[in-house]
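Below is one structure; the comments refer to it alone.
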Number of protein chains: 2
Amino acid sequence: MTKAEVKALKGDQRTQEAIHPHSPVVAFGADKPLRLDSGTSLSPFQIAYQSYGELNAEKSNAILICHALTGDQHVANTHPITGKPGWWSNLVGPGRPIDTDRFFVLCANVIGGCMGSTGPASINPETGKPYALDLPVITIADMVRAQAMLVDHFGIDQLFAVVGGSMGGMQVLQWASSYPDRVFTAVALATGARHSSQNIAFHEVGRQAVMADPDWQHGRYIEAGTMPRKGLSVARMAAHVTYLSQAALHRKFGRNLQDRQNVTFGFDADFQIESYLRHQGITFVDRFDANSYLYMTRAMDYFDLAFDHNERLADAFAGTKTRFCIASFSSDWLFPTAENRAVVHALNAAGASVSFVEVQTDRGHDAFLLDEPVMFSAIEGFIHSAARARGIALP
Amino acid sequence: MTKAEVKALKGDQRTQEAIHPHSPVVAFGADKPLRLDSGTSLSPFQIAYQSYGELNAEKSNAILICHALTGDQHVANTHPITGKPGWWSNLVGPGRPIDTDRFFVLCANVIGGCMGSTGPASINPETGKPYALDLPVITIADMVRAQAMLVDHFGIDQLFAVVGGSMGGMQVLQWASSYPDRVFTAVALATGARHSSQNIAFHEVGRQAVMADPDWQHGRYIEAGTMPRKGLSVARMAAHVTYLSQAALHRKFGRNLQDRQNVTFGFDADFQIESYLRHQGITFVDRFDANSYLYMTRAMDYFDLAFDHNERLADAFAGTKTRFCIASFSSDWLFPTAENRAVVHALNAAGASVSFVEVQTDRGHDAFLLDEPVMFSAIEGFIHSAARARGIALP
């Protein structure tokens, strides 16, 4: 987006654009409520986002990135809290597979999140207090509906691509289903058209861990001046195990002891995997809101694209012209290849154009966030080919 | 065991036999301390057990059952707390594959447990208060050393069989390694010679869940009059997911909603899998001690039979004459077939007699506790054949 465009947007009276401590924000007023699947609506609400590159004159080169459960809009810039590189800075950037010298890349913090978009930690205008659990439950379709309003705000009719993995991949599929004419290409990684029973089970364990923490205060921890750090940390630890593969854990940690000479015969972290997990739990708490974790996991659990189409997934994509790229990872047991392939089969049945690749890796579900050359070249090749079809100039 | 023998045992001055509220107990006095792997010893200590059938005159028909992580000695009788049938009453009983009309079947609550054997809830004679975390860490080898003392107490030189699954299977392997001359046959199900990194990770999540509960009171909850119910419940929920397979969960629950007409769009248990898991957590807390859960999981984590034999597992069974039966379950991802097969390969390398079967089932790790006809007939056939070799009269 050019500076002039930002300025023009700021003159828009219906919505407001401001700079959140970390990100630009678009605030939608009472005239633009967000309609929710639960039957209610959210108003006012705001969306925090990051963008990279320039939107071309035809507004035909926009790529929307959808983030995963604990991700956020900081795709390719230094994270303002952790100080670490953006979560997909290996994939998105100048000269990267998603090349910000060619494309205008946009990523919004999802509704229900905790990095500037309206979520359970936001102030409920009706009470003047944080929403906590008074925020309506958010679904994947709700997140996507809010993103569509942000895309409208930028005056973009059709996105060149929507890209995401895991919960981000669910949003990609939802985008393609809800707004088939607005998505030229869709890239969904390590995901599925619904959340499995086992995945719901692991999420429920995490939620119960958060809610078991007395510092959760029935969700009202902000007012109480507490934070369910321990509960959220346990939830993160449990989830983190599911993001890795048995093989990756074995390769990284095996049964390696922290100190071979001094096994404690106690409950300290004797094994490296233990201290690694504890570290994952502790650092997560510093950057994530506990109630947002409840809302994000719930959104994934409710996701079931076929459910709204008489259990026929193909009908969710009926008549689509979108070009799809689906990728799975061989050692991902959270969204195994079979779940990804079910999406491919439905797309085939719907007569869609679809590329599919199963990336051979032992790094589990988290592989979609890592340097995976086969994934990178698949995405790059797919994007280039689609860009030619769309008539976007490439080097 | 005949009544006369019980009476004779009661006259033994060195140890005491009493009736625990639920089970007979053998108490070992100061002259018989239990030597522990941690370098310390435990004294006095006691073992609660159940027995079924009669020990023959030659004392050659004794079968020791080893229980799993959250199991106990109530193998084939109504459980005194839950009122449910014994956990292996489908396998053990009159006319069952392990036939109590033919064999004297013994099962002891493990050291560190909470059903009558000395554990963290027992009184520390030095302080007059419960041990809590002052109980030394218990290993699988420690459990087996205590069981050997119980077997001595019964005057049994050689067990006809040692049988167990999961943590029980670890004890079976440890028995065969520590006391090769005292184990005629060994039946180990759904187990491994060491705990994998992923399994340690899941256990660590459970321990952190318990210890995150303020009612845990740094382990001193008995004196504080509290119980870390929520933390232990979360730990059980997390573990329970790992006991089932993706396929079993899908078959039992799918994405079934509790009430199709009224999705709450909230954090109640909308999905059947959620209410099932919550039930598992809540009921577990009524029958299990939180600190025992820490000790049992730790014992499994430390287990690594090869470690004490220069990383050569075969050396753990060098020169063994024991006949082994190893069984795995195709959908068990906690102790996958590969882990069981590694034991078989080591036994082969040690020149041992070994039968192996992979039971085809979609019921996951828990299959070893369920009606699995292939497992039952494998065990029955193996036991019959071994009984003939041992010269025990069978019908």
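Every chain in the structure tokens takes a letter, A first, then B, and so on in the order presented; its residues are numbered from 1, and the ligands are numbered from 1 following the presented order.
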
Shell of 9 Å around Ile379 of chain A, only C-alpha atoms, local chain residues under 2 positions omitted, as a list in words: Pro97, Ile98, Val187, Cys325, Val374, Met375, Phe376, Ser377, Gly381, Phe382, Ile383 and His384 of chain A

Proximal residues of chain B relative to chain A (only C-alpha atoms; 6 Å) as a ChimeraX atom specification: /B:137,197-198,205,209,212,230,234,238,246,250,254-255,265-266

DSSP-assigned helix (DSSP H, G or I) members of segment 320-382 of chain A, reported as a PyMOL selection string: chain A and resi 337-349+365-369+373-382

Keeping only C-alpha atoms, write the selected residues to a file as a tab-separated table (two decimals), in the first residue's frame.
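That gives us part04.tsv:
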```
chain	number	residue	atom	x	y	z
A	337	THR	CA	-2.02	-36.53	5.00
A	338	ALA	CA	-5.36	-38.36	4.89
A	339	GLU	CA	-7.17	-35.26	6.20
A	340	ASN	CA	-5.48	-33.06	3.61
A	341	ARG	CA	-6.17	-35.60	0.90
A	342	ALA	CA	-9.86	-35.60	1.82
A	343	VAL	CA	-9.88	-31.91	0.87
A	344	VAL	CA	-8.17	-32.74	-2.42
A	345	HIS	CA	-10.74	-35.43	-3.19
A	346	ALA	CA	-13.58	-33.02	-2.47
A	347	LEU	CA	-11.98	-30.41	-4.71
A	348	ASN	CA	-11.60	-33.03	-7.45
A	349	ALA	CA	-15.25	-33.93	-7.05
A	365	HIS	CA	2.91	-30.59	12.12
A	366	ASP	CA	5.33	-27.74	12.83
A	367	ALA	CA	7.08	-28.46	9.52
A	368	PHE	CA	4.86	-25.91	7.78
A	369	LEU	CA	6.61	-23.19	9.82
A	373	PRO	CA	12.69	-26.80	0.63
A	374	VAL	CA	10.07	-29.01	-1.04
A	375	MET	CA	7.25	-26.94	0.44
A	376	PHE	CA	9.01	-23.70	-0.54
A	377	SER	CA	9.55	-24.72	-4.13
A	378	ALA	CA	6.00	-26.08	-4.41
A	379	ILE	CA	4.55	-22.77	-3.18
A	380	GLU	CA	6.91	-20.69	-5.31
A	381	GLY	CA	6.17	-22.69	-8.47
A	382	PHE	CA	2.46	-22.59	-7.82
```

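Between atom CA of Ser355 of chain A and atom CA of Leu173 of chain A the separation is 14.2 Å.
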
From A:Asp72, A:Asp99, A:Glu58, A:Asp142, residue lying nearest Leu36 of chain A [only C-alpha atoms]: A:Asp142

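Considering only segment 125-199 of chain A, backbone DSSP assigns strand (DSSP E) to Lys129, Pro130, Leu159, Phe160, Ala161, Val162, Val163, Gly164, Gly165, Val183, Phe184, Thr185, Ala186, Val187, Ala188 and Leu189 of chain A.
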
Test item: residues at most 9 Å from Pro125 of chain A, only C-alpha atoms, excluding those fewer than 4 positions along its chain, as a count of residues only: 5

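Going from atom CA of Ala387 of chain A to atom CA of Cys107 of chain A covers 19.5 Å.
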
Gap from atom CA of Asp286 of chain B to atom CA of Ile81 of chain B - Å, one decimal: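 Between these atoms lies a distance of 8.2 Å.
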
Segment 156-158 of chain A environment, 6 Å, only C-alpha atoms, sequence neighbours closer than 4 positions dropped, as a list in words: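 In the requested form, the answer reads Lys59, Val151, Asp152, Arg182 and Val183 of chain A.
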